[in-house]
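Reproduced below: final13.pdb, with PDB, C-alpha atoms.
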ATOM      1  CA  MET A   1      80.063 191.619  59.295
ATOM      2  CA  PRO A   2      81.918 192.363  56.045
ATOM      3  CA  ALA A   3      80.249 195.777  55.915
ATOM      4  CA  ASP A   4      81.344 196.501  59.502
ATOM      5  CA  ARG A   5      84.886 195.527  58.692
ATOM      6  CA  ILE A   6      84.884 197.776  55.639
ATOM      7  CA  ARG A   7      83.693 200.739  57.746
ATOM      8  CA  GLU A   8      86.336 199.991  60.384
ATOM      9  CA  ALA A   9      89.063 199.834  57.738
ATOM     10  CA  ALA A  10      87.863 203.093  56.171
ATOM     11  CA  PHE A  11      87.983 204.770  59.583
ATOM     12  CA  ALA A  12      91.375 203.287  60.466
ATOM     13  CA  ARG A  13      93.142 204.563  57.330
ATOM     14  CA  PRO A  14      92.741 208.305  58.086
ATOM     15  CA  LEU A  15      93.653 207.632  61.714
ATOM     16  CA  ASP A  16      96.826 205.772  60.722
ATOM     17  CA  LEU A  17      97.707 208.590  58.325
ATOM     18  CA  THR A  18      97.186 211.203  61.044
ATOM     19  CA  LEU A  19      99.326 209.300  63.539
ATOM     20  CA  ARG A  20     102.034 208.833  60.952
ATOM     21  CA  THR A  21     101.985 212.553  60.121
ATOM     22  CA  LEU A  22     102.206 213.486  63.795
ATOM     23  CA  GLY A  23     105.091 211.076  64.215
ATOM     24  CA  VAL A  24     106.968 212.614  61.278
ATOM     25  CA  LEU A  25     106.359 216.131  62.616
ATOM     26  CA  ALA A  26     107.594 215.119  66.072
ATOM     27  CA  LEU A  27     110.706 213.603  64.494
ATOM     28  CA  ILE A  28     111.361 216.781  62.493
ATOM     29  CA  LEU A  29     111.006 218.929  65.623
ATOM     30  CA  TRP A  30     113.348 216.662  67.549
ATOM     31  CA  LEU A  31     115.949 216.704  64.769
ATOM     32  CA  THR A  32     115.726 220.488  64.558
ATOM     33  CA  ALA A  33     116.158 220.915  68.295
ATOM     34  CA  THR A  34     119.171 218.576  68.149
ATOM     35  CA  ILE A  35     120.906 219.752  64.989
ATOM     36  CA  VAL A  36     120.542 223.533  65.344
ATOM     37  CA  PRO A  37     122.659 223.835  68.548
ATOM     38  CA  VAL A  38     125.365 221.610  67.066
ATOM     39  CA  PHE A  39     125.347 223.612  63.836
ATOM     40  CA  ALA A  40     125.542 226.870  65.800
ATOM     41  CA  ALA A  41     128.518 225.550  67.791
ATOM     42  CA  LEU A  42     130.292 224.492  64.575
ATOM     43  CA  LEU A  43     129.807 227.950  63.087
ATOM     44  CA  ALA A  44     130.897 229.709  66.273
ATOM     45  CA  SER A  45     134.057 227.601  66.445
ATOM     46  CA  VAL A  46     135.401 229.242  63.257
ATOM     47  CA  LYS A  47     134.155 232.791  63.879
ATOM     48  CA  SER A  48     135.623 235.796  65.592
ATOM     49  CA  GLN A  49     134.508 237.018  68.989
ATOM     50  CA  THR A  50     132.630 239.928  67.439
ATOM     51  CA  GLU A  51     130.786 237.742  64.927
ATOM     52  CA  ILE A  52     129.717 235.275  67.604
ATOM     53  CA  ILE A  53     128.178 238.034  69.705
ATOM     54  CA  ALA A  54     126.641 240.005  66.830
ATOM     55  CA  ASP A  55     125.208 237.108  64.786
ATOM     56  CA  PRO A  56     125.432 233.688  66.461
ATOM     57  CA  LEU A  57     123.795 231.815  63.549
ATOM     58  CA  GLY A  58     125.303 233.909  60.748
ATOM     59  CA  TRP A  59     127.876 232.663  58.263
ATOM     60  CA  PRO A  60     131.436 233.756  59.138
ATOM     61  CA  GLU A  61     133.228 236.207  56.878
ATOM     62  CA  ARG A  62     136.443 234.219  57.312
ATOM     63  CA  PHE A  63     136.993 230.783  58.804
ATOM     64  CA  LEU A  64     139.288 231.150  61.817
ATOM     65  CA  ILE A  65     140.992 227.783  62.253
ATOM     66  CA  ASP A  66     143.214 229.472  64.847
ATOM     67  CA  ASN A  67     140.381 228.967  67.330
ATOM     68  CA  TYR A  68     141.065 225.228  67.286
ATOM     69  CA  ALA A  69     144.805 225.726  67.669
ATOM     70  CA  ARG A  70     144.230 228.078  70.583
ATOM     71  CA  ALA A  71     141.829 225.624  72.200
ATOM     72  CA  TRP A  72     144.217 222.714  71.714
ATOM     73  CA  VAL A  73     147.243 224.389  73.331
ATOM     74  CA  GLY A  74     145.166 226.133  76.025
ATOM     75  CA  THR A  75     145.179 229.677  77.282
ATOM     76  CA  ASN A  76     148.117 231.345  78.978
ATOM     77  CA  LEU A  77     146.817 230.326  82.407
ATOM     78  CA  GLY A  78     145.296 226.986  81.408
ATOM     79  CA  LYS A  79     146.407 223.507  80.410
ATOM     80  CA  PRO A  80     146.318 222.047  76.862
ATOM     81  CA  LEU A  81     143.047 220.489  75.813
ATOM     82  CA  TRP A  82     144.689 217.121  75.182
ATOM     83  CA  THR A  83     145.541 216.963  78.904
ATOM     84  CA  PHE A  84     141.864 217.171  79.788
ATOM     85  CA  GLY A  85     141.070 214.626  77.082
ATOM     86  CA  LEU A  86     143.563 212.156  78.542
ATOM     87  CA  ASN A  87     142.070 212.618  82.011
ATOM     88  CA  SER A  88     138.589 212.005  80.598
ATOM     89  CA  LEU A  89     139.760 208.806  78.903
ATOM     90  CA  ILE A  90     141.293 207.529  82.145
ATOM     91  CA  ALA A  91     138.185 208.278  84.210
ATOM     92  CA  VAL A  92     135.616 207.070  81.665
ATOM     93  CA  MET A  93     137.456 203.908  80.609
ATOM     94  CA  THR A  94     138.027 202.958  84.250
ATOM     95  CA  GLY A  95     134.388 203.569  85.118
ATOM     96  CA  ILE A  96     133.063 201.709  82.087
ATOM     97  CA  GLY A  97     135.487 198.793  82.363
ATOM     98  CA  VAL A  98     134.910 198.133  86.047
ATOM     99  CA  GLY A  99     131.246 199.141  86.125
ATOM    100  CA  VAL A 100     130.064 197.165  83.085
ATOM    101  CA  ALA A 101     132.055 194.040  83.999
ATOM    102  CA  ALA A 102     130.735 194.012  87.568
ATOM    103  CA  GLY A 103     127.229 194.962  86.439
ATOM    104  CA  VAL A 104     127.028 192.124  83.903
ATOM    105  CA  LEU A 105     128.158 189.557  86.461
ATOM    106  CA  ALA A 106     125.770 190.950  89.061
ATOM    107  CA  GLY A 107     122.904 190.952  86.562
ATOM    108  CA  TYR A 108     123.483 187.280  85.771
ATOM    109  CA  VAL A 109     123.463 186.366  89.463
ATOM    110  CA  LEU A 110     120.305 188.405  90.036
ATOM    111  CA  ALA A 111     118.581 186.624  87.157
ATOM    112  CA  ARG A 112     119.667 183.079  88.025
ATOM    113  CA  SER A 113     119.454 183.073  91.806
ATOM    114  CA  THR A 114     116.189 182.565  93.684
ATOM    115  CA  SER A 115     117.424 183.341  97.190
ATOM    116  CA  HIS A 116     115.759 186.030  99.264
ATOM    117  CA  SER A 117     119.010 187.916  99.855
ATOM    118  CA  VAL A 118     119.642 188.266  96.124
ATOM    119  CA  ALA A 119     116.092 189.582  95.633
ATOM    120  CA  LEU A 120     116.785 192.187  98.309
ATOM    121  CA  LEU A 121     120.008 193.113  96.510
ATOM    122  CA  ASN A 122     118.061 193.680  93.303
ATOM    123  CA  ARG A 123     115.685 196.033  95.133
ATOM    124  CA  TYR A 124     118.669 197.825  96.603
ATOM    125  CA  PHE A 125     120.117 198.341  93.119
ATOM    126  CA  VAL A 126     116.789 199.739  91.906
ATOM    127  CA  LEU A 127     116.752 202.103  94.890
ATOM    128  CA  LEU A 128     120.270 203.289  94.059
ATOM    129  CA  MET A 129     119.154 204.035  90.486
ATOM    130  CA  THR A 130     116.469 206.381  91.796
ATOM    131  CA  LEU A 131     118.939 208.214  94.035
ATOM    132  CA  PRO A 132     119.957 211.572  92.489
ATOM    133  CA  PHE A 133     123.638 211.630  91.584
ATOM    134  CA  VAL A 134     124.097 215.039  93.200
ATOM    135  CA  VAL A 135     123.284 213.576  96.630
ATOM    136  CA  THR A 136     126.525 211.564  96.540
ATOM    137  CA  TRP A 137     128.846 214.465  95.715
ATOM    138  CA  VAL A 138     129.571 215.641  99.257
ATOM    139  CA  PRO A 139     130.092 212.119 100.702
ATOM    140  CA  LEU A 140     132.365 211.226  97.786
ATOM    141  CA  PHE A 141     134.354 214.419  98.263
ATOM    142  CA  THR A 142     134.762 213.682 101.964
ATOM    143  CA  LEU A 143     135.795 210.089 101.256
ATOM    144  CA  SER A 144     138.257 211.159  98.561
ATOM    145  CA  ASP A 145     139.778 213.761 100.874
ATOM    146  CA  THR A 146     140.129 211.187 103.661
ATOM    147  CA  LEU A 147     141.803 208.655 101.341
ATOM    148  CA  GLY A 148     143.993 211.311  99.744
ATOM    149  CA  VAL A 149     142.768 210.696  96.200
ATOM    150  CA  LEU A 150     141.381 214.124  95.355
ATOM    151  CA  SER A 151     142.346 215.370  91.893
ATOM    152  CA  ASN A 152     142.899 211.791  90.709
ATOM    153  CA  PRO A 153     141.142 210.830  87.442
ATOM    154  CA  LEU A 154     141.587 207.120  88.221
ATOM    155  CA  ALA A 155     139.773 207.547  91.549
ATOM    156  CA  LEU A 156     137.046 209.436  89.718
ATOM    157  CA  GLY A 157     136.699 206.430  87.414
ATOM    158  CA  ILE A 158     136.147 204.151  90.420
ATOM    159  CA  MET A 159     133.389 206.505  91.602
ATOM    160  CA  TYR A 160     131.842 206.348  88.128
ATOM    161  CA  ALA A 161     131.959 202.547  88.281
ATOM    162  CA  ALA A 162     130.174 202.526  91.654
ATOM    163  CA  ARG A 163     127.430 204.637  90.125
ATOM    164  CA  LEU A 164     127.248 202.502  86.973
ATOM    165  CA  ILE A 165     127.022 199.057  88.591
ATOM    166  CA  PRO A 166     123.370 199.314  89.784
ATOM    167  CA  PHE A 167     122.178 200.482  86.358
ATOM    168  CA  ALA A 168     124.125 197.800  84.494
ATOM    169  CA  ALA A 169     123.032 195.080  86.916
ATOM    170  CA  VAL A 170     119.327 195.916  86.661
ATOM    171  CA  MET A 171     119.415 196.253  82.863
ATOM    172  CA  MET A 172     121.341 193.023  82.347
ATOM    173  CA  ARG A 173     119.120 191.173  84.830
ATOM    174  CA  ALA A 174     116.140 191.989  82.606
ATOM    175  CA  TYR A 175     117.973 190.491  79.621
ATOM    176  CA  PHE A 176     119.290 187.403  81.404
ATOM    177  CA  SER A 177     115.835 186.689  82.871
ATOM    178  CA  SER A 178     114.539 186.131  79.336
ATOM    179  CA  PHE A 179     117.514 184.021  78.270
ATOM    180  CA  PRO A 180     116.442 180.594  76.876
ATOM    181  CA  LEU A 181     116.540 178.093  79.719
ATOM    182  CA  ASP A 182     116.890 175.184  77.285
ATOM    183  CA  LEU A 183     120.444 176.244  76.468
ATOM    184  CA  LEU A 184     121.385 176.530  80.125
ATOM    185  CA  GLU A 185     119.839 173.141  80.970
ATOM    186  CA  ALA A 186     121.571 171.498  78.017
ATOM    187  CA  ALA A 187     124.916 172.905  79.153
ATOM    188  CA  SER A 188     124.258 171.669  82.680
ATOM    189  CA  LEU A 189     123.450 168.162  81.406
ATOM    190  CA  ASP A 190     126.708 168.176  79.451
ATOM    191  CA  GLY A 191     128.569 168.764  82.700
ATOM    192  CA  ALA A 192     129.375 172.460  82.194
ATOM    193  CA  SER A 193     129.857 174.460  85.364
ATOM    194  CA  GLU A 194     127.970 177.690  86.011
ATOM    195  CA  ARG A 195     131.072 179.725  85.227
ATOM    196  CA  LYS A 196     131.735 177.884  81.967
ATOM    197  CA  THR A 197     128.081 178.211  80.966
ATOM    198  CA  PHE A 198     128.225 181.948  81.493
ATOM    199  CA  PHE A 199     131.465 182.611  79.628
ATOM    200  CA  LYS A 200     130.949 180.090  76.800
ATOM    201  CA  ILE A 201     127.207 180.360  76.131
ATOM    202  CA  VAL A 202     125.600 183.359  77.803
ATOM    203  CA  LEU A 203     128.243 186.041  77.342
ATOM    204  CA  PRO A 204     128.910 185.518  73.583
ATOM    205  CA  THR A 205     125.209 186.040  72.848
ATOM    206  CA  SER A 206     124.849 189.107  75.088
ATOM    207  CA  TRP A 207     127.033 191.669  73.336
ATOM    208  CA  GLY A 208     124.010 193.605  72.093
ATOM    209  CA  PRO A 209     122.632 194.538  75.544
ATOM    210  CA  ILE A 210     126.151 195.028  76.891
ATOM    211  CA  ALA A 211     126.916 197.431  74.028
ATOM    212  CA  SER A 212     123.703 199.344  74.786
ATOM    213  CA  VAL A 213     124.597 199.779  78.455
ATOM    214  CA  THR A 214     128.170 200.722  77.562
ATOM    215  CA  LEU A 215     127.148 203.303  74.977
ATOM    216  CA  VAL A 216     124.565 205.022  77.160
ATOM    217  CA  GLN A 217     126.813 205.199  80.192
ATOM    218  CA  THR A 218     129.884 206.285  78.199
ATOM    219  CA  ILE A 219     128.017 209.317  76.892
ATOM    220  CA  PHE A 220     126.757 210.110  80.405
ATOM    221  CA  LEU A 221     130.195 209.826  82.014
ATOM    222  CA  TRP A 222     132.008 211.644  79.203
ATOM    223  CA  ASN A 223     129.718 214.655  79.685
ATOM    224  CA  ASP A 224     129.768 214.599  83.488
ATOM    225  CA  LEU A 225     130.522 218.000  84.954
ATOM    226  CA  GLY A 226     129.175 217.914  88.517
ATOM    227  CA  LEU A 227     131.186 215.207  90.277
ATOM    228  CA  ALA A 228     134.313 215.961  88.232
ATOM    229  CA  THR A 229     134.153 219.593  89.363
ATOM    230  CA  VAL A 230     133.827 218.534  93.006
ATOM    231  CA  VAL A 231     136.674 216.003  93.232
ATOM    232  CA  LEU A 232     139.136 217.273  90.590
ATOM    233  CA  LEU A 233     140.587 220.386  92.195
ATOM    234  CA  ASP A 234     143.969 220.632  90.466
ATOM    235  CA  GLN A 235     143.818 222.116  86.996
ATOM    236  CA  GLY A 236     146.010 219.406  85.513
ATOM    237  CA  SER A 237     143.641 216.660  86.682
ATOM    238  CA  ARG A 238     140.446 218.050  85.173
ATOM    239  CA  THR A 239     138.374 216.238  82.583
ATOM    240  CA  LEU A 240     137.150 217.822  79.361
ATOM    241  CA  PRO A 241     133.780 219.183  80.609
ATOM    242  CA  VAL A 242     135.593 220.886  83.507
ATOM    243  CA  GLY A 243     138.690 221.874  81.563
ATOM    244  CA  ILE A 244     136.910 223.819  78.840
ATOM    245  CA  THR A 245     135.712 226.276  81.476
ATOM    246  CA  GLN A 246     139.256 227.718  81.447
ATOM    247  CA  PHE A 247     138.285 229.678  78.341
ATOM    248  CA  ARG A 248     135.821 231.669  80.432
ATOM    249  CA  GLY A 249     137.315 234.148  82.891
ATOM    250  CA  GLN A 250     135.864 236.471  85.499
ATOM    251  CA  PHE A 251     135.588 239.436  83.156
ATOM    252  CA  GLY A 252     135.313 237.824  79.752
ATOM    253  CA  ALA A 253     135.613 234.695  77.653
ATOM    254  CA  ASP A 254     137.470 233.499  74.586
ATOM    255  CA  LEU A 255     134.305 232.398  72.813
ATOM    256  CA  GLY A 256     136.017 231.188  69.652
ATOM    257  CA  ALA A 257     138.342 228.857  71.566
ATOM    258  CA  LEU A 258     135.497 227.837  73.863
ATOM    259  CA  PHE A 259     133.270 226.683  71.010
ATOM    260  CA  ALA A 260     136.217 225.010  69.281
ATOM    261  CA  ALA A 261     136.904 223.076  72.479
ATOM    262  CA  LEU A 262     133.241 222.103  72.679
ATOM    263  CA  VAL A 263     133.308 220.770  69.119
ATOM    264  CA  MET A 264     136.452 218.739  69.786
ATOM    265  CA  THR A 265     134.783 217.354  72.911
ATOM    266  CA  ILE A 266     131.700 216.268  70.950
ATOM    267  CA  VAL A 267     133.610 214.548  68.123
ATOM    268  CA  PRO A 268     134.815 211.491  70.144
ATOM    269  CA  VAL A 269     131.265 210.812  71.332
ATOM    270  CA  LEU A 270     129.909 210.971  67.778
ATOM    271  CA  MET A 271     132.658 208.659  66.547
ATOM    272  CA  LEU A 272     131.950 206.209  69.356
ATOM    273  CA  TYR A 273     128.259 206.227  68.562
ATOM    274  CA  GLY A 274     128.946 205.631  64.871
ATOM    275  CA  VAL A 275     131.076 202.575  65.661
ATOM    276  CA  ALA A 276     129.029 201.227  68.564
ATOM    277  CA  GLU A 277     125.718 201.555  66.721
ATOM    278  CA  ARG A 278     126.895 199.182  64.010
ATOM    279  CA  ARG A 279     128.332 196.749  66.528
ATOM    280  CA  LEU A 280     125.152 196.992  68.573
ATOM    281  CA  VAL A 281     122.982 195.888  65.663
ATOM    282  CA  GLN A 282     125.412 193.106  64.769
ATOM    283  CA  GLY A 283     125.498 191.881  68.359
ATOM    284  CA  MET A 284     121.716 191.819  68.627
ATOM    285  CA  ARG A 285     121.436 189.952  65.327
ATOM    286  CA  MET A 286     124.022 187.372  66.428
ATOM    287  CA  GLY A 287     122.211 186.953  69.733
ATOM    288  CA  ALA A 288     118.904 186.376  67.970
ATOM    289  CA  LEU A 289     120.398 183.808  65.604
ATOM    290  CA  LYS A 290     122.098 181.885  68.376
TER     291      LYS A 290
END
File written out as structure tokens:
Amino acid sequence: MPADRIREAAFARPLDLTLRTLGVLALILWLTATIVPVFAALLASVKSQTEIIADPLGWPERFLIDNYARAWVGTNLGKPLWTFGLNSLIAVMTGIGVGVAAGVLAGYVLARSTSHSVALLNRYFVLLMTLPFVVTWVPLFTLSDTLGVLSNPLALGIMYAARLIPFAAVMMRAYFSSFPLDLLEAASLDGASERKTFFKIVLPTSWGPIASVTLVQTIFLWNDLGLATVVLLDQGSRTLPVGITQFRGQFGADLGALFAALVMTIVPVLMLYGVAERRLVQGMRMGALK
């Protein structure tokens, strides 16, 4: 037996080394595929139109900061970039605030209830998650037109929330299903109501999963182009992904301003990730300790 174990260990070491090498190579490829486009956009944002076309990855002869100023104030026929940024904040914050709050509450009910109707609701949420987002564009446009809320970023946020709730509910149900029952039973024996148990015990230890759902969906909604293009018809109501298309006309494009606008659109997401990633780890650690 010792000899067999020695041979197994000798065989396992090269295999572990090979898997580790493949993992490192895959990580390097992924980082390259992620960093190169961002680096190219950063370079293009400070280059002239001619340099962008002639040598997209080349170093600029002179850094043109005017591209950012031109992107910020908008073109002659367009709106300022900050207008689109404000519309994006309204839509995304509304969608995240309503969607995550309702999804967390729904996930707790799905995890705690044993009724047949709640089980059917959980299956319905899973079915909604598999439904392609593009299928809802025409019905949402028709509904928005009927209610008179086309070109309204706040109404777009409500549509985002409706799309977010099934995802948040299913994800949070998985977390709440594994929540320690001893804590819930102890709270019940102490006379705590279901609502007090949720807000005083469950919710304070659930910020890690909630932060994960919030971060993923914020990035998705911030970059949404399809539904925003369909329901935001007025130029002044457009969000950032739709608004930056103003730098591209029928017969040409202001590439310098376009890439500068893209960079300024990416920066808030990177800042959010930098902050939320730290809070996510802290929340998960606090949840584990409690």
I would like the residues chosen by the PyMOL selection byres ((chain A and resi 202) around 12) on the shown file; could you give them as an mmCIF file with C-alpha atoms, in the coordinates of the input?
data_model
loop_
_atom_site.group_PDB
_atom_site.id
_atom_site.type_symbol
_atom_site.label_atom_id
_atom_site.label_comp_id
_atom_site.auth_asym_id
_atom_site.auth_seq_id
_atom_site.Cartn_x
_atom_site.Cartn_y
_atom_site.Cartn_z
ATOM 1 C CA VAL A 104 127.028 192.124 83.903
ATOM 2 C CA LEU A 105 128.158 189.557 86.461
ATOM 3 C CA GLY A 107 122.904 190.952 86.562
ATOM 4 C CA TYR A 108 123.483 187.280 85.771
ATOM 5 C CA ARG A 112 119.667 183.079 88.025
ATOM 6 C CA MET A 172 121.341 193.023 82.347
ATOM 7 C CA TYR A 175 117.973 190.491 79.621
ATOM 8 C CA PHE A 176 119.290 187.403 81.404
ATOM 9 C CA SER A 177 115.835 186.689 82.871
ATOM 10 C CA SER A 178 114.539 186.131 79.336
ATOM 11 C CA PHE A 179 117.514 184.021 78.270
ATOM 12 C CA PRO A 180 116.442 180.594 76.876
ATOM 13 C CA LEU A 181 116.540 178.093 79.719
ATOM 14 C CA ASP A 182 116.890 175.184 77.285
ATOM 15 C CA LEU A 183 120.444 176.244 76.468
ATOM 16 C CA LEU A 184 121.385 176.530 80.125
ATOM 17 C CA ALA A 187 124.916 172.905 79.153
ATOM 18 C CA GLU A 194 127.970 177.690 86.011
ATOM 19 C CA ARG A 195 131.072 179.725 85.227
ATOM 20 C CA LYS A 196 131.735 177.884 81.967
ATOM 21 C CA THR A 197 128.081 178.211 80.966
ATOM 22 C CA PHE A 198 128.225 181.948 81.493
ATOM 23 C CA PHE A 199 131.465 182.611 79.628
ATOM 24 C CA LYS A 200 130.949 180.090 76.800
ATOM 25 C CA ILE A 201 127.207 180.360 76.131
ATOM 26 C CA LEU A 203 128.243 186.041 77.342
ATOM 27 C CA PRO A 204 128.910 185.518 73.583
ATOM 28 C CA THR A 205 125.209 186.040 72.848
ATOM 29 C CA SER A 206 124.849 189.107 75.088
ATOM 30 C CA TRP A 207 127.033 191.669 73.336
ATOM 31 C CA GLY A 208 124.010 193.605 72.093
ATOM 32 C CA PRO A 209 122.632 194.538 75.544
ATOM 33 C CA ILE A 210 126.151 195.028 76.891
ATOM 34 C CA GLY A 287 122.211 186.953 69.733
ATOM 35 C CA LYS A 290 122.098 181.885 68.376
#
Quiz prompt | Residue contacts of segment 80-88 of chain A (7 Å, only C-alpha atoms) excluding same-chain residues fewer than 3 positions away, as a ChimeraX atom specification | solution = /A:71-74,91-92,153,222,237-240,243
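Nearest to Leu143 of chain A of all the residues A:Val38, A:Leu225, A:Leu89, A:Ala155 is A:Ala155, based on all atoms listed in the file.
In this model, the gap between atom CA of Lys79 of chain A and atom CA of Ala161 of chain A comes to 26.6 Å.
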Quiz item: Counting all atoms listed in the file, what is within 7 Å of Ile158 of chain A, bar same-chain residues fewer than 4 positions away, as a VMD selection string?
Solution: chain A and resid 94 to 95 154 162
Quiz prompt | Å distance separating atom CA of Ser212 of chain A from atom CA of Ala111 of chain A, one decimal place | solution =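 For atom CA of Ser212 of chain A relative to atom CA of Ala111 of chain A, the distance reads 18.5 Å.
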Quiz item: Counting only C-alpha atoms, what is within 8 Å of segment 59-66 of chain A, bar same-chain residues fewer than 5 positions away, as a ChimeraX atom specification?
Solution: /A:43,45-48,51
Quiz item: So how many Å separate atom CA of Ala186 of chain A and atom CA of Ser113 of chain A, to one decimal?
Solution: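 Distance reported for this atom pair: 18.1 Å.
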Quiz item: From the set A:Thr218, A:Thr34, A:Ser144, A:Asn67, which residue has the shortest atom-to-atom contact distance to Val263 of chain A, counting all atoms listed in the file?
Solution: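 The answer is A:Asn67, which sits nearest to Val263 of chain A.
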Around segment 79-84 of chain A, fit a box with edges along x, y and z, padding it by 4 Å on each side, then list its centre and edge lengths in Å to one decimal as JSON.
{"center_x": 144.1, "center_y": 220.2, "center_z": 77.8, "size_x": 12.5, "size_y": 14.5, "size_z": 13.2}
Could you tell me which residues the PyMOL selection byres ((chain A and resi 258) around 8) grabs in this file, written as an mmCIF file with C-alpha atoms, in the frame of the given file?
data_model
loop_
_atom_site.group_PDB
_atom_site.id
_atom_site.type_symbol
_atom_site.label_atom_id
_atom_site.label_comp_id
_atom_site.auth_asym_id
_atom_site.auth_seq_id
_atom_site.Cartn_x
_atom_site.Cartn_y
_atom_site.Cartn_z
ATOM 1 C CA SER A 45 134.057 227.601 66.445
ATOM 2 C CA ALA A 71 141.829 225.624 72.200
ATOM 3 C CA ILE A 244 136.910 223.819 78.840
ATOM 4 C CA THR A 245 135.712 226.276 81.476
ATOM 5 C CA PHE A 247 138.285 229.678 78.341
ATOM 6 C CA ARG A 248 135.821 231.669 80.432
ATOM 7 C CA ALA A 253 135.613 234.695 77.653
ATOM 8 C CA ASP A 254 137.470 233.499 74.586
ATOM 9 C CA LEU A 255 134.305 232.398 72.813
ATOM 10 C CA GLY A 256 136.017 231.188 69.652
ATOM 11 C CA ALA A 257 138.342 228.857 71.566
ATOM 12 C CA PHE A 259 133.270 226.683 71.010
ATOM 13 C CA ALA A 260 136.217 225.010 69.281
ATOM 14 C CA ALA A 261 136.904 223.076 72.479
ATOM 15 C CA LEU A 262 133.241 222.103 72.679
#
Quiz item: segment 54-57 of chain A: which residues within 8 Å, counting only C-alpha atoms, same-chain residues fewer than 4 positions away excluded, as a ChimeraX atom specification?
Solution: /A:40,43-44,50
Practice problem: Rank nothing, just name the residue among A:Val135, A:Met159, A:Leu215, A:Phe167 nearest to Arg123 of chain A, using all atoms listed in the file. | Solution: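 Checking each candidate against Arg123 of chain A, we get A:Phe167 as the closest.
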Self-check item: Pick from A:Val36, A:Leu232, A:Ile165, A:Phe125 nearest to Gly148 of chain A, counting all atoms listed in the file
Solution: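 Smallest separation from Gly148 of chain A among the options: A:Leu232.
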N, CA and C atoms are what I want for segment 49-64 of chain A; can you complete it accordingly and write them as a PDB file, in the coordinates of the input?
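This went into out38.pdb:
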ATOM      1  N   GLN A  49     135.279 236.678  67.797  1.00  0.00           N
ATOM      2  CA  GLN A  49     134.508 237.018  68.989  1.00  0.00           C
ATOM      3  C   GLN A  49     133.370 237.966  68.648  1.00  0.00           C
ATOM      4  N   THR A  50     133.651 238.942  67.804  1.00  0.00           N
ATOM      5  CA  THR A  50     132.630 239.928  67.439  1.00  0.00           C
ATOM      6  C   THR A  50     131.495 239.295  66.655  1.00  0.00           C
ATOM      7  N   GLU A  51     131.819 238.401  65.725  1.00  0.00           N
ATOM      8  CA  GLU A  51     130.786 237.742  64.927  1.00  0.00           C
ATOM      9  C   GLU A  51     129.910 236.831  65.779  1.00  0.00           C
ATOM     10  N   ILE A  52     130.502 236.171  66.743  1.00  0.00           N
ATOM     11  CA  ILE A  52     129.717 235.275  67.604  1.00  0.00           C
ATOM     12  C   ILE A  52     128.689 236.064  68.394  1.00  0.00           C
ATOM     13  N   ILE A  53     129.089 237.221  68.898  1.00  0.00           N
ATOM     14  CA  ILE A  53     128.178 238.034  69.705  1.00  0.00           C
ATOM     15  C   ILE A  53     127.134 238.717  68.831  1.00  0.00           C
ATOM     16  N   ALA A  54     127.560 239.234  67.676  1.00  0.00           N
ATOM     17  CA  ALA A  54     126.641 240.005  66.830  1.00  0.00           C
ATOM     18  C   ALA A  54     125.637 239.117  66.110  1.00  0.00           C
ATOM     19  N   ASP A  55     126.087 237.976  65.576  1.00  0.00           N
ATOM     20  CA  ASP A  55     125.208 237.108  64.786  1.00  0.00           C
ATOM     21  C   ASP A  55     125.579 235.655  65.050  1.00  0.00           C
ATOM     22  N   PRO A  56     125.015 235.046  66.096  1.00  0.00           N
ATOM     23  CA  PRO A  56     125.432 233.688  66.461  1.00  0.00           C
ATOM     24  C   PRO A  56     125.199 232.650  65.365  1.00  0.00           C
ATOM     25  N   LEU A  57     124.116 232.800  64.582  1.00  0.00           N
ATOM     26  CA  LEU A  57     123.795 231.815  63.549  1.00  0.00           C
ATOM     27  C   LEU A  57     124.233 232.257  62.159  1.00  0.00           C
ATOM     28  N   GLY A  58     124.883 233.407  62.050  1.00  0.00           N
ATOM     29  CA  GLY A  58     125.303 233.909  60.748  1.00  0.00           C
ATOM     30  C   GLY A  58     126.537 233.190  60.224  1.00  0.00           C
ATOM     31  N   TRP A  59     126.719 233.280  58.902  1.00  0.00           N
ATOM     32  CA  TRP A  59     127.876 232.663  58.263  1.00  0.00           C
ATOM     33  C   TRP A  59     129.114 233.525  58.486  1.00  0.00           C
ATOM     34  N   PRO A  60     130.239 232.945  58.851  1.00  0.00           N
ATOM     35  CA  PRO A  60     131.436 233.756  59.138  1.00  0.00           C
ATOM     36  C   PRO A  60     132.010 234.380  57.870  1.00  0.00           C
ATOM     37  N   GLU A  61     132.563 235.569  58.005  1.00  0.00           N
ATOM     38  CA  GLU A  61     133.228 236.207  56.878  1.00  0.00           C
ATOM     39  C   GLU A  61     134.522 235.476  56.520  1.00  0.00           C
ATOM     40  N   ARG A  62     135.185 234.952  57.533  1.00  0.00           N
ATOM     41  CA  ARG A  62     136.443 234.219  57.312  1.00  0.00           C
ATOM     42  C   ARG A  62     136.538 233.110  58.354  1.00  0.00           C
ATOM     43  N   PHE A  63     136.892 231.915  57.893  1.00  0.00           N
ATOM     44  CA  PHE A  63     136.993 230.783  58.804  1.00  0.00           C
ATOM     45  C   PHE A  63     138.292 230.895  59.610  1.00  0.00           C
ATOM     46  N   LEU A  64     138.148 230.996  60.919  1.00  0.00           N
ATOM     47  CA  LEU A  64     139.288 231.150  61.817  1.00  0.00           C
ATOM     48  C   LEU A  64     139.652 229.792  62.420  1.00  0.00           C
TER      49      LEU A  64
END
